[in-house]
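S.K.: Here it is, the structure, as structure tokens.
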Amino acid sequence: MSITQQYLLDTYRSRQHGEPVPPTPGRHDLRLVRELRVRRQFRAVLAGHPARGRMREAMVRLLHGRRRQVGC
């Protein structure tokens with residue numbers, strides 16, 4: 001059974017029982033990913049680790065690239 005079919009079945013059952021409709025699949029996925037990232041960063045700070053990873057590297061490239069363009 002796919003996620004869509006399960007959602008439709010759950011929606012049908014909730015309406016039959018007069019209960020609120022469940023949230024649509026994938027509605028809170030982006031929020032969950034952000035919360036996990038923030039929690040991981042927070043735990044790294046508590047452990048005394050410096051900020052690192054793809055996001056930091058991208059920011060460094062962006063900042064260094066802009067500095068070079070402004071100085072030219």
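In the structure tokens, each chain is lettered A, B, ... as it comes, each chain's residues begin at 1, and ligands are numbered from 1 in order of appearance.
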Give me the residues within 12 Å of Pro23 (chain A) as a list in words, counting only C-alpha atoms and dropping any in the same chain fewer than 3 places off.
M.R.: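 Here the qualifying residues turn out to be Thr4, Gln6, Tyr7, Leu8, Asp10, Thr11, Ser14, Pro20, Gly26, Arg27, His28 and Asp29 of chain A.
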S.K.: Any chance you could export the current selection's all heavy atoms as a short mmCIF file (atom, residue, chain, number, x, y, z; two decimals), in the first residue's frame?
M.R.:
```cif
data_model
loop_
_atom_site.label_atom_id
_atom_site.label_comp_id
_atom_site.auth_asym_id
_atom_site.auth_seq_id
_atom_site.Cartn_x
_atom_site.Cartn_y
_atom_site.Cartn_z
N THR A 4 -0.04 7.39 -0.27
CA THR A 4 -1.27 8.07 -0.67
C THR A 4 -2.49 7.21 -0.36
O THR A 4 -3.49 7.71 0.17
CB THR A 4 -1.23 8.40 -2.18
OG1 THR A 4 -0.06 9.15 -2.46
CG2 THR A 4 -2.45 9.18 -2.60
N GLN A 6 -2.71 4.88 1.94
CA GLN A 6 -2.87 4.82 3.39
C GLN A 6 -3.48 6.10 3.91
O GLN A 6 -4.34 6.09 4.79
CB GLN A 6 -1.51 4.57 4.06
CG GLN A 6 -1.60 4.42 5.56
CD GLN A 6 -2.38 3.20 5.98
OE1 GLN A 6 -2.15 2.13 5.46
NE2 GLN A 6 -3.29 3.36 6.93
N TYR A 7 -3.04 7.24 3.38
CA TYR A 7 -3.61 8.53 3.79
C TYR A 7 -5.10 8.60 3.47
O TYR A 7 -5.91 9.03 4.31
CB TYR A 7 -2.87 9.68 3.12
CG TYR A 7 -3.52 11.02 3.36
CD1 TYR A 7 -3.46 11.61 4.62
CD2 TYR A 7 -4.19 11.69 2.35
CE1 TYR A 7 -4.07 12.84 4.85
CE2 TYR A 7 -4.79 12.91 2.58
CZ TYR A 7 -4.73 13.48 3.83
OH TYR A 7 -5.33 14.69 4.06
N LEU A 8 -5.48 8.16 2.28
CA LEU A 8 -6.90 8.19 1.90
C LEU A 8 -7.72 7.27 2.80
O LEU A 8 -8.84 7.61 3.21
CB LEU A 8 -7.06 7.81 0.44
CG LEU A 8 -6.52 8.82 -0.57
CD1 LEU A 8 -6.59 8.25 -1.98
CD2 LEU A 8 -7.27 10.13 -0.47
N ASP A 10 -6.94 6.40 5.94
CA ASP A 10 -7.00 7.05 7.25
C ASP A 10 -7.98 8.21 7.26
O ASP A 10 -8.71 8.41 8.24
CB ASP A 10 -5.62 7.54 7.66
CG ASP A 10 -4.65 6.41 7.97
OD1 ASP A 10 -5.12 5.28 8.19
OD2 ASP A 10 -3.43 6.67 7.97
N THR A 11 -8.02 8.97 6.18
CA THR A 11 -8.97 10.08 6.07
C THR A 11 -10.40 9.57 6.07
O THR A 11 -11.26 10.11 6.77
CB THR A 11 -8.70 10.89 4.78
OG1 THR A 11 -7.36 11.35 4.79
CG2 THR A 11 -9.63 12.07 4.66
N SER A 14 -11.26 8.36 9.62
CA SER A 14 -11.43 9.46 10.58
C SER A 14 -12.76 10.18 10.36
O SER A 14 -13.42 10.59 11.31
CB SER A 14 -10.27 10.45 10.49
OG SER A 14 -10.24 11.08 9.23
N PRO A 20 -10.68 14.23 13.76
CA PRO A 20 -10.00 15.14 12.84
C PRO A 20 -9.20 14.39 11.79
O PRO A 20 -8.69 13.29 12.03
CB PRO A 20 -9.07 15.96 13.74
CG PRO A 20 -9.00 15.22 15.02
CD PRO A 20 -10.22 14.37 15.13
N GLY A 26 4.16 14.13 4.17
CA GLY A 26 5.22 15.03 3.73
C GLY A 26 5.03 16.48 4.14
O GLY A 26 5.85 17.32 3.81
N ARG A 27 3.98 16.78 4.85
CA ARG A 27 3.68 18.17 5.20
C ARG A 27 4.74 18.76 6.11
O ARG A 27 5.07 19.94 6.01
CB ARG A 27 2.31 18.24 5.86
CG ARG A 27 1.89 19.64 6.21
CD ARG A 27 0.49 19.67 6.70
NE ARG A 27 0.10 21.02 7.05
CZ ARG A 27 -0.94 21.32 7.76
NH1 ARG A 27 -1.74 20.37 8.18
NH2 ARG A 27 -1.22 22.57 8.04
N HIS A 28 5.28 17.97 7.03
CA HIS A 28 6.23 18.49 8.01
C HIS A 28 7.66 18.00 7.77
O HIS A 28 8.51 18.12 8.65
CB HIS A 28 5.78 18.08 9.42
CG HIS A 28 4.42 18.58 9.77
ND1 HIS A 28 4.13 19.90 9.96
CD2 HIS A 28 3.25 17.92 9.95
CE1 HIS A 28 2.85 20.04 10.25
NE2 HIS A 28 2.28 18.85 10.25
N ASP A 29 7.95 17.47 6.61
CA ASP A 29 9.27 16.91 6.33
C ASP A 29 10.37 17.97 6.40
O ASP A 29 11.41 17.75 7.02
CB ASP A 29 9.31 16.23 4.97
CG ASP A 29 8.54 14.93 4.95
OD1 ASP A 29 8.08 14.49 6.01
OD2 ASP A 29 8.38 14.37 3.85
#
```
S.K.: Can you list every residue in chain A that DSSP puts in alpha helix (DSSP H), as a ChimeraX atom specification?
M.R.: /A:3-16,29-46,54-71
S.K.: What does the structure give for the distance between CA of Met55 (chain A) and CA of Val33 (chain A), in Å to one decimal?
M.R.: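 Distance reported for this atom pair: 14.2 Å.
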S.K.: Could you tell me how far CA of Glu35 (chain A) sits from CA of Gln5 (chain A), in Å to one decimal place?
M.R.: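 Taking CA of Gln5 (chain A) as the start and CA of Glu35 (chain A) as the end point, the length is 28.0 Å.
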